[in-house]
file protein15.cif (mmCIF, C-alpha atoms and all ligand atoms)
data_run
#
loop_
_atom_site.label_atom_id
_atom_site.label_comp_id
_atom_site.auth_asym_id
_atom_site.auth_seq_id
_atom_site.Cartn_x
_atom_site.Cartn_y
_atom_site.Cartn_z
CA ALA B 12 224.47 147.33 109.90
CA TYR B 13 224.63 145.24 106.75
CA VAL B 14 221.63 145.14 104.43
CA VAL B 15 220.24 142.45 102.11
CA ALA B 16 219.23 144.01 98.78
CA GLU B 17 217.38 143.00 95.64
CA PRO B 18 219.65 140.24 94.25
CA CYS B 19 218.51 137.88 97.05
CA ILE B 20 214.90 137.89 95.78
CA LYS B 21 213.82 134.49 94.43
CA CYS B 22 217.24 132.99 95.24
CA LYS B 23 217.74 132.71 99.00
CA TYR B 24 220.98 130.77 98.86
CA THR B 25 221.36 131.10 102.66
CA ASP B 26 225.18 130.87 102.65
CA CYS B 27 224.99 134.15 104.58
CA VAL B 28 223.09 132.50 107.43
CA GLU B 29 225.77 129.89 107.95
CA VAL B 30 228.55 132.42 108.58
CA CYS B 31 226.74 134.98 110.72
CA PRO B 32 228.16 134.82 114.28
CA VAL B 33 225.08 136.43 115.85
CA ASN B 34 222.29 134.74 113.83
CA CYS B 35 220.64 137.98 112.81
CA PHE B 36 219.02 136.79 109.57
CA TYR B 37 215.24 136.58 109.25
CA GLU B 38 213.33 134.75 106.56
CA GLY B 39 210.54 135.78 104.22
CA ALA B 40 209.01 133.65 101.47
CA ASN B 41 211.60 134.54 98.83
CA PHE B 42 214.03 136.92 100.55
CA LEU B 43 216.09 137.26 103.73
CA VAL B 44 216.67 140.36 105.83
CA ILE B 45 219.21 141.37 108.48
CA HIS B 46 218.10 142.82 111.81
CA PRO B 47 219.94 146.15 111.98
CA ASP B 48 220.02 146.22 115.79
CA GLU B 49 221.56 142.75 116.01
CA CYS B 50 224.14 142.89 113.19
CA ILE B 51 227.64 143.53 114.58
CA ASP B 52 229.11 144.65 111.23
CA CYS B 53 231.57 141.78 111.08
CA GLY B 54 231.30 141.60 107.27
CA ALA B 55 231.41 137.79 107.13
CA CYS B 56 228.21 137.46 105.10
CA GLU B 57 229.04 139.87 102.29
CA PRO B 58 231.61 137.78 100.36
CA VAL B 59 229.77 134.45 100.65
CA CYS B 60 226.52 135.52 98.95
CA PRO B 61 226.43 134.03 95.42
CA THR B 62 224.22 136.89 94.18
CA LYS B 63 226.21 139.70 95.87
CA ALA B 64 223.05 140.88 97.62
CA ILE B 65 224.67 142.05 100.87
CA PHE B 66 226.15 145.51 101.47
CA PRO B 67 227.22 147.60 104.41
CA GLU B 68 224.60 150.32 104.84
CA SER B 69 227.11 152.98 103.76
CA GLU B 70 227.80 151.19 100.45
CA LEU B 71 224.26 150.25 99.55
CA PRO B 72 223.73 151.22 95.87
CA LYS B 73 221.42 154.22 95.55
CA GLU B 74 218.76 152.34 93.58
CA TRP B 75 218.46 149.89 96.49
CA LYS B 76 218.18 152.44 99.33
CA GLU B 77 214.67 151.19 100.05
CA TYR B 78 216.10 147.87 101.21
CA GLN B 79 217.56 149.48 104.31
CA LYS B 80 214.01 150.23 105.42
CA LEU B 81 212.73 146.82 104.31
CA ASN B 82 215.38 144.98 106.38
CA ALA B 83 214.56 147.07 109.47
CA GLU B 84 210.82 146.69 109.01
CA TYR B 85 210.62 142.95 108.33
CA ALA B 86 213.38 141.54 110.56
CA PRO B 87 211.22 141.92 113.70
CA GLN B 88 208.23 140.33 111.92
CA TRP B 89 209.79 137.33 110.16
CA PRO B 90 211.11 134.12 111.76
CA ASN B 91 214.79 133.80 112.52
CA ILE B 92 216.84 131.52 110.28
CA ALA B 93 220.02 130.12 111.79
CA GLU B 94 220.94 127.24 109.49
CA LYS B 95 221.78 126.98 105.83
CA ARG B 96 219.09 125.40 103.66
CA ALA B 97 218.69 124.54 99.99
CA ALA B 98 218.33 127.59 97.74
CA LEU B 99 214.98 128.23 96.09
CA PRO B 100 214.42 125.99 93.03
CA GLU B 101 214.41 129.03 90.72
CA ALA B 102 217.61 130.48 92.24
CA GLU B 103 219.94 129.80 89.30
CA GLU B 104 217.44 131.26 86.85
CA TYR B 105 216.98 134.47 88.85
CA LYS B 106 220.51 134.92 90.17
CA ASP B 107 221.58 137.55 87.63
CA LYS B 108 218.17 139.04 86.82
CA LYS B 109 217.67 142.76 87.43
CA GLY B 110 214.48 144.51 88.47
CA LYS B 111 213.20 141.82 90.85
CA ARG B 112 211.59 144.26 93.32
CA ASP B 113 208.05 143.46 92.06
CA LEU B 114 208.63 139.78 92.79
CA LEU B 115 209.40 140.36 96.47
CA GLU B 116 206.82 138.63 98.66
CA LEU B 117 206.19 140.62 101.83
FE1 LIG B 201 225.83 138.74 110.50
FE2 LIG B 201 228.23 139.88 110.31
FE3 LIG B 201 226.58 139.84 108.20
FE4 LIG B 201 226.02 141.41 110.28
S1 LIG B 201 227.78 141.61 108.90
S2 LIG B 201 224.59 140.06 109.18
S3 LIG B 201 226.77 140.17 111.98
S4 LIG B 201 227.54 138.06 109.18
FE1 LIG B 202 220.10 135.82 99.93
FE2 LIG B 202 222.64 135.82 99.35
FE3 LIG B 202 221.88 135.13 101.72
S1 LIG B 202 221.00 135.14 98.02
S2 LIG B 202 219.91 134.22 101.40
S3 LIG B 202 221.61 137.12 100.83
S4 LIG B 202 223.49 134.17 100.55
#
call {"tool": "encode", "arguments": {"input": "protein15.cif", "output": "structure tokens"}}
result
Amino acid sequence: AYVVAEPCIKCKYTDCVEVCPVNCFYEGANFLVIHPDECIDCGACEPVCPTKAIFPESELPKEWKEYQKLNAEYAPQWPNIAEKRAALPEAEEYKDKKGKRDLLEL
């Protein structure tokens, strides 16, 4: 499955949602996750994310390994999101910021 990692935090551009053929994105307050059992590994979401937050599990950078667990844990708990929406107001400001893990609202 594909995994949403740290760069999505406080951005939530949702371009990924629009291209997913199986609607397997789920929405938290300032982050999205992918349901690992629903993702069909089509790869459509990876190139459209403006923050480059999406990776195939096998290519997830080591420092973001935790996000594999976070996607699996929160996808069943958060509401499904199937349509693109406006990005968060602070998205441009936070797009290239590193070390956003502490800002993740779970
Ligand atoms: Fe959806 Fe394809 Fe991305 Fe999986 S890889 S989340 S199926 S767009
Ligand atoms: Fe997040 Fe990128 Fe999607 S910022 S909402 S993973 S397009």
call {"tool": "residues_near_ligand", "arguments": {"input": "protein15.cif", "ligand": "ligand LIG 202 (chain B)", "cutoff": "10 Å", "atoms": "all atoms listed in the file", "output": "ChimeraX atom specification"}}
result
/B:14-30,36-39,41-45,56-66,92,95-99,102,106
call {"tool": "residues_near_ligand", "arguments": {"input": "protein15.cif", "ligand": "ligand LIG 201 (chain B)", "cutoff": "6 Å", "atoms": "only C-alpha atoms and all ligand atoms", "output": "PyMOL selection string"}}
result
chain B and resi 13+30-33+35+45+50-56
call {"tool": "write_last_selection", "arguments": {"input": "protein15.cif", "atoms": "C-alpha atoms", "output": "compact mmCIF listing (two decimals), in the coordinates of the input"}}
result
# COMPACT_ATOMS: atom_id res chain seq x y z
CA TYR B 13 224.63 145.24 106.75
CA VAL B 30 228.55 132.42 108.58
CA CYS B 31 226.74 134.98 110.72
CA PRO B 32 228.16 134.82 114.28
CA VAL B 33 225.08 136.43 115.85
CA CYS B 35 220.64 137.98 112.81
CA ILE B 45 219.21 141.37 108.48
CA CYS B 50 224.14 142.89 113.19
CA ILE B 51 227.64 143.53 114.58
CA ASP B 52 229.11 144.65 111.23
CA CYS B 53 231.57 141.78 111.08
CA GLY B 54 231.30 141.60 107.27
CA ALA B 55 231.41 137.79 107.13
CA CYS B 56 228.21 137.46 105.10
call {"tool": "atom_distance", "arguments": {"input": "protein15.cif", "atom1": "atom CA of Leu71 of chain B", "atom2": "atom CA of Gln88 of chain B"}}
result
22.5 Å
call {"tool": "axis_aligned_box", "arguments": {"input": "protein15.cif", "around": "segment 90-106 of chain B", "padding_each_side": "4 Å", "output": "AutoDock Vina command-line options"}}
result
--center_x 216.4 --center_y 129.7 --center_z 99.7 --size_x 18.7 --size_y 18.4 --size_z 33.7
call {"tool": "atom_distance", "arguments": {"input": "protein15.cif", "atom1": "atom CA of Asn91 of chain B", "atom2": "atom CA of His46 of chain B"}}
result
9.6 Å
call {"tool": "atom_distance", "arguments": {"input": "protein15.cif", "atom1": "atom CA of Glu68 of chain B", "atom2": "atom CA of Pro100 of chain B"}}
result
28.9 Å
call {"tool": "closest_residue", "arguments": {"input": "protein15.cif", "among": "B:Pro47, B:Lys80, B:Glu103, B:Trp89", "to": "Glu116 of chain B", "atoms": "all atoms listed in the file"}}
result
B:Trp89
call {"tool": "closest_residue", "arguments": {"input": "protein15.cif", "among": "B:Glu74, B:Glu84, B:Glu94, B:Glu49", "to": "Gly110 of chain B", "atoms": "all atoms listed in the file"}}
result
B:Glu74
call {"tool": "closest_residue", "arguments": {"input": "protein15.cif", "among": "B:Leu115, B:Ala12, B:Pro67, B:Ala93", "to": "Asp48 of chain B", "atoms": "all atoms listed in the file"}}
result
B:Ala12
